file run.txt (compact mmCIF, C-alpha atoms and all ligand atoms)
# COMPACT_ATOMS: atom_id res chain seq x y z
CA MET A 1 57.03 109.60 147.94
CA THR A 2 59.08 107.85 150.56
CA GLY A 3 61.04 104.69 150.99
CA MET A 4 63.70 105.25 148.37
CA SER A 5 66.75 103.24 149.30
CA ASN A 6 69.66 101.74 147.42
CA SER A 7 69.66 104.72 145.08
CA GLN A 8 72.29 104.61 142.35
CA PHE A 9 73.04 108.24 143.20
CA PRO A 10 75.18 109.39 146.14
CA PRO A 11 73.43 110.42 149.39
CA VAL A 12 72.69 114.08 150.11
CA ARG A 13 74.76 115.04 153.18
CA LYS A 14 75.57 118.73 152.86
CA ALA A 15 73.64 121.97 152.88
CA VAL A 16 74.62 125.40 151.60
CA VAL A 17 72.92 128.40 153.21
CA PRO A 18 73.49 131.78 151.52
CA VAL A 19 73.52 134.53 154.18
CA ALA A 20 75.37 137.36 152.45
CA GLY A 21 72.36 139.54 151.62
CA LEU A 22 72.51 143.15 152.77
CA GLY A 23 69.07 143.04 154.37
CA THR A 24 68.32 146.59 153.26
CA ARG A 25 64.58 146.05 153.74
CA PHE A 26 65.13 145.86 157.49
CA LEU A 27 67.37 148.87 158.00
CA PRO A 28 68.24 150.20 160.51
CA ALA A 29 67.89 146.83 162.36
CA THR A 30 70.33 145.24 159.93
CA LYS A 31 72.90 148.01 159.98
CA ALA A 32 75.32 146.00 162.14
CA MET A 33 73.62 142.59 162.09
CA PRO A 34 72.75 140.11 159.34
CA LYS A 35 69.02 139.92 158.64
CA GLU A 36 69.17 136.17 159.25
CA MET A 37 69.77 136.96 162.95
CA LEU A 38 66.44 138.79 163.35
CA PRO A 39 64.45 136.90 165.98
CA VAL A 40 61.35 135.02 164.95
CA VAL A 41 59.66 134.89 168.37
CA ASP A 42 62.85 134.06 170.31
CA LYS A 43 65.15 132.31 167.82
CA PRO A 44 67.06 133.84 164.92
CA ALA A 45 65.39 133.02 161.59
CA LEU A 46 68.57 131.22 160.59
CA GLN A 47 68.37 128.77 163.47
CA TYR A 48 65.02 127.47 162.19
CA VAL A 49 66.68 126.87 158.82
CA VAL A 50 69.67 125.08 160.34
CA GLU A 51 67.33 122.93 162.46
CA GLU A 52 65.34 122.01 159.36
CA ALA A 53 68.49 120.88 157.56
CA VAL A 54 69.67 118.87 160.56
CA THR A 55 66.26 117.20 160.93
CA ALA A 56 66.55 116.12 157.28
CA GLY A 57 69.91 114.53 158.06
CA LEU A 58 72.11 117.32 156.68
CA THR A 59 74.55 118.08 159.48
CA ASP A 60 77.35 119.50 157.31
CA ILE A 61 76.32 123.09 156.68
CA LEU A 62 78.20 125.71 154.72
CA MET A 63 77.15 129.31 155.24
CA VAL A 64 78.06 131.68 152.45
CA THR A 65 78.49 134.96 154.26
CA GLY A 66 79.23 138.58 153.54
CA ARG A 67 79.80 141.51 155.83
CA ASN A 68 78.58 141.19 159.43
CA LYS A 69 79.35 137.48 159.64
CA ARG A 70 80.58 137.72 163.22
CA PRO A 71 77.13 137.42 164.92
CA LEU A 72 76.44 134.29 162.83
CA GLU A 73 79.69 132.66 163.87
CA ASP A 74 79.10 133.56 167.50
CA HIS A 75 75.52 132.30 167.52
CA PHE A 76 76.51 128.85 166.35
CA ASP A 77 79.50 128.68 168.70
CA ARG A 78 79.98 128.35 172.46
CA VAL A 79 79.78 131.59 174.45
CA ASP A 80 81.92 130.95 177.52
CA GLY A 81 81.07 134.07 179.54
CA LEU A 82 77.31 133.66 179.14
CA GLU A 83 77.50 129.94 179.91
CA ALA A 84 79.49 130.63 183.10
CA ALA A 85 77.01 133.28 184.23
CA LEU A 86 74.02 130.97 183.70
CA ARG A 87 75.83 128.11 185.43
CA ALA A 88 76.56 130.36 188.43
CA LYS A 89 72.86 131.22 188.59
CA GLY A 90 71.93 127.54 188.27
CA ASP A 91 69.72 128.30 185.24
CA GLN A 92 69.98 124.95 183.45
CA ARG A 93 67.05 125.64 181.12
CA LYS A 94 68.64 128.75 179.59
CA LEU A 95 72.02 127.04 179.54
CA ASP A 96 70.50 124.24 177.44
CA LEU A 97 68.89 126.82 175.15
CA ILE A 98 72.11 128.62 174.32
CA ARG A 99 74.07 125.39 173.95
CA GLU A 100 71.53 123.98 171.51
CA SER A 101 72.59 126.21 168.63
CA SER A 102 76.29 125.47 169.14
CA GLU A 103 75.79 121.71 169.11
CA LEU A 104 73.36 121.48 166.20
CA ALA A 105 75.60 120.87 163.24
CA ASP A 106 79.05 120.98 161.76
CA ILE A 107 78.98 124.56 160.45
CA HIS A 108 81.48 126.02 158.00
CA PHE A 109 81.81 129.51 156.58
CA VAL A 110 82.99 130.92 153.29
CA ARG A 111 82.86 134.53 152.20
CA GLN A 112 81.03 135.45 149.03
CA GLY A 113 83.11 138.54 148.29
CA ASP A 114 81.19 140.57 145.75
CA PRO A 115 77.44 140.00 146.15
CA LEU A 116 76.78 138.96 142.54
CA GLY A 117 73.60 136.97 143.12
CA LEU A 118 72.25 133.68 144.44
CA GLY A 119 73.91 131.67 141.66
CA HIS A 120 77.25 133.23 142.56
CA ALA A 121 76.72 132.43 146.27
CA VAL A 122 76.00 128.78 145.47
CA LEU A 123 79.10 128.61 143.26
CA LYS A 124 81.14 129.71 146.30
CA GLY A 125 80.14 126.36 147.84
CA GLU A 126 81.73 124.30 145.07
CA HIS A 127 85.02 123.69 146.83
CA HIS A 128 83.34 122.55 150.05
CA VAL A 129 80.63 120.48 148.38
CA GLY A 130 82.76 118.74 145.75
CA GLU A 131 81.21 116.10 143.47
CA GLU A 132 78.17 115.49 145.67
CA PRO A 133 74.51 116.41 145.61
CA PHE A 134 73.66 119.10 148.18
CA ALA A 135 70.76 121.10 149.50
CA VAL A 136 70.40 124.88 149.37
CA LEU A 137 68.19 126.57 151.97
CA LEU A 138 67.31 130.26 151.74
CA GLY A 139 66.92 132.02 155.07
CA ASP A 140 63.87 134.11 154.11
CA ASP A 141 61.67 131.03 153.76
CA LEU A 142 60.71 129.18 156.91
CA ILE A 143 59.03 125.81 156.43
CA ASP A 144 56.79 124.67 159.27
CA GLU A 145 58.39 121.70 160.97
CA ARG A 146 55.04 119.89 160.82
CA SER A 147 55.11 119.86 157.00
CA PRO A 148 58.76 119.37 156.00
CA ILE A 149 59.66 119.26 152.30
CA LEU A 150 63.39 118.42 152.30
CA PRO A 151 62.87 114.66 152.87
CA ASP A 152 60.64 114.43 149.76
CA MET A 153 63.17 116.46 147.76
CA ILE A 154 66.06 114.24 148.85
CA ASP A 155 63.94 111.23 147.93
CA ALA A 156 63.24 112.77 144.49
CA TYR A 157 66.97 113.25 143.94
CA GLY A 158 67.51 109.59 144.80
CA ARG A 159 64.96 108.59 142.15
CA THR A 160 66.09 110.91 139.38
CA GLY A 161 69.67 112.08 139.97
CA GLY A 162 68.50 115.49 138.76
CA SER A 163 68.28 118.77 140.62
CA VAL A 164 65.08 119.19 142.60
CA ILE A 165 63.33 122.47 143.37
CA ALA A 166 60.48 123.22 145.79
CA LEU A 167 57.44 124.64 144.02
CA MET A 168 54.36 126.27 145.47
CA GLU A 169 51.22 127.55 143.81
CA VAL A 170 50.83 131.29 144.30
CA PRO A 171 48.21 133.77 143.06
CA GLN A 172 49.13 134.70 139.46
CA GLU A 173 49.79 138.35 140.38
CA ALA A 174 52.39 137.26 142.98
CA ILE A 175 54.49 135.19 140.57
CA SER A 176 56.67 138.19 139.63
CA LEU A 177 58.27 137.93 143.10
CA TYR A 178 59.61 134.43 142.42
CA GLY A 179 61.33 132.12 140.01
CA CYS A 180 58.60 130.44 137.96
CA ALA A 181 58.55 126.90 136.52
CA ALA A 182 56.85 125.28 133.51
CA VAL A 183 56.32 121.62 134.38
CA GLU A 184 54.89 118.33 133.20
CA ALA A 185 53.54 115.46 135.29
CA THR A 186 55.55 112.36 136.21
CA GLU A 187 54.13 109.02 137.31
CA VAL A 188 54.92 109.98 140.94
CA ASP A 189 52.28 111.99 142.77
CA GLY A 190 53.55 115.45 143.82
CA LEU A 191 56.68 115.15 141.65
CA VAL A 192 56.85 117.07 138.35
CA ARG A 193 59.48 117.41 135.67
CA VAL A 194 60.61 120.97 135.04
CA THR A 195 60.69 121.91 131.36
CA ASP A 196 61.47 125.61 131.66
CA LEU A 197 62.25 128.27 134.26
CA VAL A 198 62.14 132.04 134.34
CA GLU A 199 63.29 134.33 137.16
CA LYS A 200 60.63 136.78 138.36
CA PRO A 201 58.54 137.05 135.17
CA ASP A 202 55.81 139.62 134.71
CA ALA A 203 52.52 137.97 135.68
CA ALA A 204 51.28 138.26 132.08
CA ASP A 205 54.27 136.35 130.66
CA ALA A 206 54.59 133.70 133.40
CA PRO A 207 54.41 130.11 132.13
CA SER A 208 52.53 129.00 135.28
CA ASN A 209 51.70 130.07 138.83
CA LEU A 210 54.24 127.64 140.29
CA ALA A 211 56.76 129.63 142.33
CA ILE A 212 60.18 128.43 143.41
CA ILE A 213 60.41 128.59 147.18
CA GLY A 214 63.78 128.66 148.88
CA ARG A 215 64.64 124.96 149.04
CA TYR A 216 66.76 123.16 146.46
CA VAL A 217 68.51 119.80 146.21
CA LEU A 218 71.12 120.29 143.51
CA SER A 219 73.13 117.73 141.64
CA PRO A 220 76.81 118.64 141.20
CA GLU A 221 76.03 119.09 137.46
CA ILE A 222 74.94 122.58 138.51
CA PHE A 223 78.48 123.89 139.14
CA PRO A 224 79.78 123.96 135.54
CA LEU A 225 76.43 125.43 134.48
CA LEU A 226 76.71 128.18 137.12
CA ARG A 227 80.22 128.99 135.98
CA ARG A 228 78.86 129.65 132.50
CA THR A 229 75.80 131.62 133.64
CA GLU A 230 75.87 135.27 132.64
CA PRO A 231 74.27 137.92 134.87
CA GLY A 232 70.50 137.91 134.33
CA ARG A 233 67.57 139.52 136.12
CA GLY A 234 68.77 142.41 138.32
CA ASN A 235 72.21 142.01 136.73
CA GLU A 236 72.80 139.08 139.13
CA ILE A 237 74.00 135.55 138.44
CA GLN A 238 70.73 133.69 138.91
CA LEU A 239 70.50 130.11 140.15
CA THR A 240 67.22 129.93 138.23
CA ASP A 241 69.08 130.55 134.94
CA ALA A 242 71.58 127.74 135.59
CA LEU A 243 68.72 125.39 136.50
CA LYS A 244 66.97 126.34 133.26
CA GLU A 245 70.04 125.15 131.36
CA GLN A 246 70.06 121.93 133.38
CA ALA A 247 66.34 121.40 132.67
CA ARG A 248 66.91 121.87 128.94
CA GLY A 249 70.19 119.94 128.77
CA ASP A 250 70.72 116.21 128.34
CA GLY A 251 71.90 115.44 131.89
CA HIS A 252 69.61 114.22 134.66
CA GLY A 253 67.29 117.19 134.36
CA VAL A 254 65.37 119.20 136.94
CA TYR A 255 62.36 118.08 138.96
CA GLY A 256 59.95 119.89 141.23
CA VAL A 257 58.27 118.78 144.44
CA ILE A 258 54.97 120.57 144.96
CA PHE A 259 54.76 122.01 148.46
CA THR A 260 51.33 122.16 150.07
CA GLY A 261 52.40 122.70 153.69
CA GLU A 262 52.83 125.82 155.76
CA ARG A 263 55.54 128.35 154.82
CA TYR A 264 56.42 131.64 156.45
CA ASP A 265 58.18 134.42 154.60
CA THR A 266 60.51 136.60 156.68
CA GLY A 267 61.78 138.48 153.62
CA ASP A 268 59.98 141.79 154.10
CA LYS A 269 58.61 143.68 157.07
CA LEU A 270 54.92 142.82 156.70
CA SER A 271 55.41 139.11 156.04
CA TYR A 272 58.04 138.98 158.80
CA ILE A 273 55.57 140.38 161.35
CA GLN A 274 52.94 137.91 160.12
CA ALA A 275 55.41 135.04 160.47
CA VAL A 276 56.27 136.02 164.05
CA ILE A 277 52.58 136.21 165.00
CA GLN A 278 51.66 132.93 163.28
CA LEU A 279 54.51 131.02 164.90
CA ALA A 280 53.90 132.58 168.31
CA THR A 281 50.19 131.68 168.26
CA ARG A 282 51.24 128.04 167.84
CA ARG A 283 53.69 127.96 170.72
CA ASP A 284 52.81 125.98 173.85
CA ASP A 285 54.24 128.66 176.13
CA LEU A 286 52.76 131.75 174.42
CA GLY A 287 50.00 130.62 172.08
CA ALA A 288 46.95 130.65 174.38
CA ASP A 289 47.69 134.09 175.86
CA LEU A 290 48.58 135.60 172.49
CA ARG A 291 45.48 134.20 170.76
CA ALA A 292 43.23 135.59 173.50
CA TRP A 293 44.90 139.00 173.30
CA LEU A 294 44.79 139.01 169.48
CA ARG A 295 41.03 138.41 169.46
CA GLU A 296 40.48 141.38 171.75
CA PHE A 297 42.94 143.53 169.85
CA VAL A 298 41.38 142.74 166.48
CA ALA A 299 37.87 143.43 167.79
CA GLY A 300 39.14 146.81 169.03
CA LEU A 301 40.50 147.65 165.57
CA ASP A 302 36.93 148.05 164.26
CA ASP A 303 36.34 151.05 166.55
C1 LIG B 401 65.29 133.82 145.20
C2 LIG B 401 65.28 133.09 143.85
C3 LIG B 401 63.87 132.96 143.34
C4 LIG B 401 63.01 132.26 144.39
C5 LIG B 401 63.11 133.00 145.73
C6 LIG B 401 62.40 132.19 146.81
O1 LIG B 401 64.89 135.15 144.99
O2 LIG B 401 66.08 133.80 142.92
O3 LIG B 401 63.86 132.20 142.15
O4 LIG B 401 61.67 132.23 143.94
O5 LIG B 401 64.45 133.18 146.14
O6 LIG B 401 62.37 132.87 148.04
P1 LIG B 401 65.05 136.33 146.09
O7 LIG B 401 63.81 136.27 146.92
O8 LIG B 401 66.28 136.01 146.87
O9 LIG B 401 65.15 137.58 145.30
call {"tool": "encode", "arguments": {"input": "run.txt", "output": "structure tokens", "more": "lines below"}}
Ligand code: G1P
result
Amino acid sequence: MTGMSNSQFPPVRKAVVPVAGLGTRFLPATKAMPKEMLPVVDKPALQYVVEEAVTAGLTDILMVTGRNKRPLEDHFDRVDGLEAALRAKGDQRKLDLIRESSELADIHFVRQGDPLGLGHAVLKGEHHVGEEPFAVLLGDDLIDERSPILPDMIDAYGRTGGSVIALMEVPQEAISLYGCAAVEATEVDGLVRVTDLVEKPDAADAPSNLAIIGRYVLSPEIFPLLRRTEPGRGNEIQLTDALKEQARGDGHGVYGVIFTGERYDTGDKLSYIQAVIQLATRRDDLGADLRAWLREFVAGLDD
């Protein structure tokens, strides 16, 4: 699904990253710090997400923030005192590391105000995004850099002009944790047309086991639909509900790219710990030692 050029639709250049969640599942760690700043090995979860967007060519990034936005702003900015201290020590490697995050992208911030749901957060991006297609990346989902999905989604937008969601097959009993899509095949392998959507259905009522994972490429048609979307599941304005209207309407529709790569979920404590271990075992600097220790540790668990 590559090689789309000369699309009749505008290029995707911007990304919106909602970071206003309260992070209550990680209290007390998130009492004074956004959950997106929790380190995954040695980088905040959010930096992986920003790097993914930049790698896909999206260097204009709008973060929709809430309380505790200060650490986010500081992380993606220069830190003069720390830079001076590292320079004085002659530690170029660490200097490069801390500069990396401040030179990654052109990052903007807008406040969400009342936390009324993901759909509401995306709507806060309307002014910045304007009449352009844009990506949305959710910070709880990390996509392994070896199996990126955004390029295929941007390509699908270029073909269709519709909104594009990332879909992943999950065990039927897990579907109630996600938005769920009913789909039909297209002539392009891995690309489906979305016919219906439901936010976090009971497993018994779910139209499929295809879960929405936290990557979207949205056409600007979504904004008027979001403005009309009433609070839904959890009394929140759901992006899934606005996309359902787009899928059923007579615009460019909604498509899904089926993800078969590696994804890490940092959304709750157990999956966060698993994500840290999985990513660390793959690191050049830590992997071999950690894998050796893990084998011994796991063997010891049987005792
Ligand atoms: C959000 C979306 C849901 C999607 C999920 C992916 O839910 O509303 O449709 O499946 O992200 O991570 P949340 O996990 O923020 O409740």
call {"tool": "residues_near_ligand", "arguments": {"input": "run.txt", "ligand": "ligand LIG 401 (chain B)", "cutoff": "6 Å", "atoms": "all atoms listed in the file", "output": "mmCIF file with C-alpha atoms, in the coordinates of the input"}}
result
data_model
loop_
_atom_site.group_PDB
_atom_site.id
_atom_site.type_symbol
_atom_site.label_atom_id
_atom_site.label_comp_id
_atom_site.auth_asym_id
_atom_site.auth_seq_id
_atom_site.Cartn_x
_atom_site.Cartn_y
_atom_site.Cartn_z
ATOM 1 C CA TYR A 178 59.610 134.430 142.420
ATOM 2 C CA GLY A 179 61.330 132.120 140.010
ATOM 3 C CA GLU A 199 63.290 134.330 137.160
ATOM 4 C CA ALA A 211 56.760 129.630 142.330
ATOM 5 C CA ILE A 212 60.180 128.430 143.410
ATOM 6 C CA ILE A 213 60.410 128.590 147.180
ATOM 7 C CA GLY A 214 63.780 128.660 148.880
ATOM 8 C CA THR A 240 67.220 129.930 138.230
#
call {"tool": "atom_distance", "arguments": {"input": "run.txt", "atom1": "atom CA of Lys35 of chain A", "atom2": "atom CA of Tyr272 of chain A"}}
result
11.0 Å
call {"tool": "closest_residue", "arguments": {"input": "run.txt", "among": "A:Asp202, A:Phe109, A:Asp284, A:Ile149", "to": "Ala56 of chain A", "atoms": "only C-alpha atoms"}}
result
A:Ile149
call {"tool": "atom_distance", "arguments": {"input": "run.txt", "atom1": "atom CA of Gly256 of chain A", "atom2": "atom CA of Ala45 of chain A"}}
result
24.8 Å
call {"tool": "residues_around", "arguments": {"input": "run.txt", "residues": "Gly249 of chain A", "least_positions_apart": "3", "cutoff": "12 Å", "atoms": "only C-alpha atoms", "output": "JSON, numbers by chain"}}
result
{"A": [162, 194, 195, 196, 221, 222, 225, 242, 243, 244, 245, 246, 252, 253, 254]}
call {"tool": "atom_distance", "arguments": {"input": "run.txt", "atom1": "atom CA of Pro11 of chain A", "atom2": "atom CA of Leu58 of chain A"}}
result
10.1 Å
call {"tool": "residues_near_point", "arguments": {"input": "run.txt", "point": "(66.3, 137.1, 162.3)", "cutoff": "10 Å", "atoms": "only C-alpha atoms", "output": "ChimeraX atom specification"}}
result
/A:29-30,33-48,139-140,266-267,272
call {"tool": "closest_residue", "arguments": {"input": "run.txt", "among": "A:Arg227, A:Arg215, A:His127, A:Arg159", "to": "Val17 of chain A", "atoms": "only C-alpha atoms"}}
result
A:Arg215
call {"tool": "closest_residue", "arguments": {"input": "run.txt", "among": "A:Leu27, A:Leu116, A:Leu123, A:Leu270", "to": "Arg233 of chain A", "atoms": "only C-alpha atoms"}}
result
A:Leu116
call {"tool": "decode", "arguments": {"input": "run.txt", "residues": "segment 197-291 of chain A", "atoms": "C-alpha atoms", "output": "compact mmCIF listing (two decimals), in the first residue's frame"}}
result
# COMPACT_ATOMS: atom_id res chain seq x y z
CA LEU A 197 -18.50 1.85 14.73
CA VAL A 198 -19.36 1.41 18.38
CA GLU A 199 -17.38 2.65 21.38
CA LYS A 200 -16.49 -0.07 23.90
CA PRO A 201 -19.33 -2.52 23.20
CA ASP A 202 -20.06 -5.52 25.39
CA ALA A 203 -18.27 -8.50 23.86
CA ALA A 204 -21.63 -10.17 23.12
CA ASP A 205 -22.91 -7.19 21.09
CA ALA A 206 -19.67 -6.32 19.27
CA PRO A 207 -19.96 -6.31 15.46
CA SER A 208 -16.40 -7.70 15.11
CA ASN A 209 -13.16 -8.23 17.02
CA LEU A 210 -11.49 -5.32 15.21
CA ALA A 211 -10.37 -2.77 17.81
CA ILE A 212 -9.50 0.85 17.15
CA ILE A 213 -5.95 1.49 18.30
CA GLY A 214 -4.80 5.00 19.01
CA ARG A 215 -3.83 6.22 15.54
CA TYR A 216 -6.13 8.19 13.26
CA VAL A 217 -5.76 10.20 10.07
CA LEU A 218 -8.82 12.44 9.99
CA SER A 219 -10.24 14.44 7.16
CA PRO A 220 -11.39 17.95 8.14
CA GLU A 221 -14.98 16.71 7.55
CA ILE A 222 -14.71 15.43 11.12
CA PHE A 223 -14.91 18.87 12.76
CA PRO A 224 -18.54 19.75 11.97
CA LEU A 225 -19.48 16.18 12.91
CA LEU A 226 -17.68 16.50 16.26
CA ARG A 227 -19.45 19.76 16.96
CA ARG A 228 -22.77 17.96 16.60
CA THR A 229 -21.76 14.88 18.61
CA GLU A 230 -23.65 14.49 21.88
CA PRO A 231 -21.96 12.92 24.91
CA GLY A 232 -21.97 9.13 24.53
CA ARG A 233 -20.26 6.29 26.37
CA GLY A 234 -19.05 7.45 29.81
CA ASN A 235 -20.93 10.71 29.21
CA GLU A 236 -17.97 11.84 27.05
CA ILE A 237 -17.90 13.28 23.54
CA GLN A 238 -16.55 10.28 21.68
CA LEU A 239 -14.43 10.52 18.54
CA THR A 240 -15.78 7.07 17.66
CA ASP A 241 -19.34 8.48 17.51
CA ALA A 242 -18.35 11.29 15.13
CA LEU A 243 -16.50 8.78 12.93
CA LYS A 244 -19.61 6.59 12.89
CA GLU A 245 -21.55 9.52 11.44
CA GLN A 246 -18.80 10.07 8.87
CA ALA A 247 -18.85 6.36 7.94
CA ARG A 248 -22.62 6.45 7.45
CA GLY A 249 -22.74 9.86 5.75
CA ASP A 250 -22.29 10.68 2.08
CA GLY A 251 -18.84 12.32 2.33
CA HIS A 252 -15.58 10.49 1.74
CA GLY A 253 -16.30 7.88 4.38
CA VAL A 254 -14.08 6.10 6.88
CA TYR A 255 -11.46 3.45 6.14
CA GLY A 256 -9.41 1.16 8.33
CA VAL A 257 -5.83 -0.03 8.00
CA ILE A 258 -5.33 -3.40 9.66
CA PHE A 259 -2.31 -3.34 11.95
CA THR A 260 -0.34 -6.57 12.31
CA GLY A 261 2.84 -5.14 13.84
CA GLU A 262 3.98 -4.77 17.41
CA ARG A 263 2.09 -2.44 19.76
CA TYR A 264 2.70 -1.68 23.42
CA ASP A 265 -0.01 -0.42 25.72
CA THR A 266 1.12 1.92 28.50
CA GLY A 267 -2.45 2.66 29.59
CA ASP A 268 -2.58 0.62 32.80
CA LYS A 269 -0.03 -0.57 35.31
CA LEU A 270 0.34 -4.18 34.16
CA SER A 271 0.57 -3.43 30.45
CA TYR A 272 2.89 -0.49 31.20
CA ILE A 273 5.31 -2.78 33.06
CA GLN A 274 5.12 -5.29 30.20
CA ALA A 275 5.84 -2.54 27.67
CA VAL A 276 8.91 -1.37 29.61
CA ILE A 277 10.26 -4.93 29.81
CA GLN A 278 9.56 -5.73 26.15
CA LEU A 279 11.21 -2.55 24.91
CA ALA A 280 14.18 -2.91 27.27
CA THR A 281 14.84 -6.50 26.16
CA ARG A 282 15.22 -5.17 22.60
CA ARG A 283 17.68 -2.42 23.43
CA ASP A 284 21.28 -2.74 22.29
CA ASP A 285 22.61 -1.32 25.55
CA LEU A 286 20.39 -3.26 27.99
CA GLY A 287 18.81 -6.16 26.13
CA ALA A 288 21.41 -8.91 26.57
CA ASP A 289 21.86 -8.34 30.31
CA LEU A 290 18.14 -7.98 30.94
CA ARG A 291 17.25 -11.11 28.96
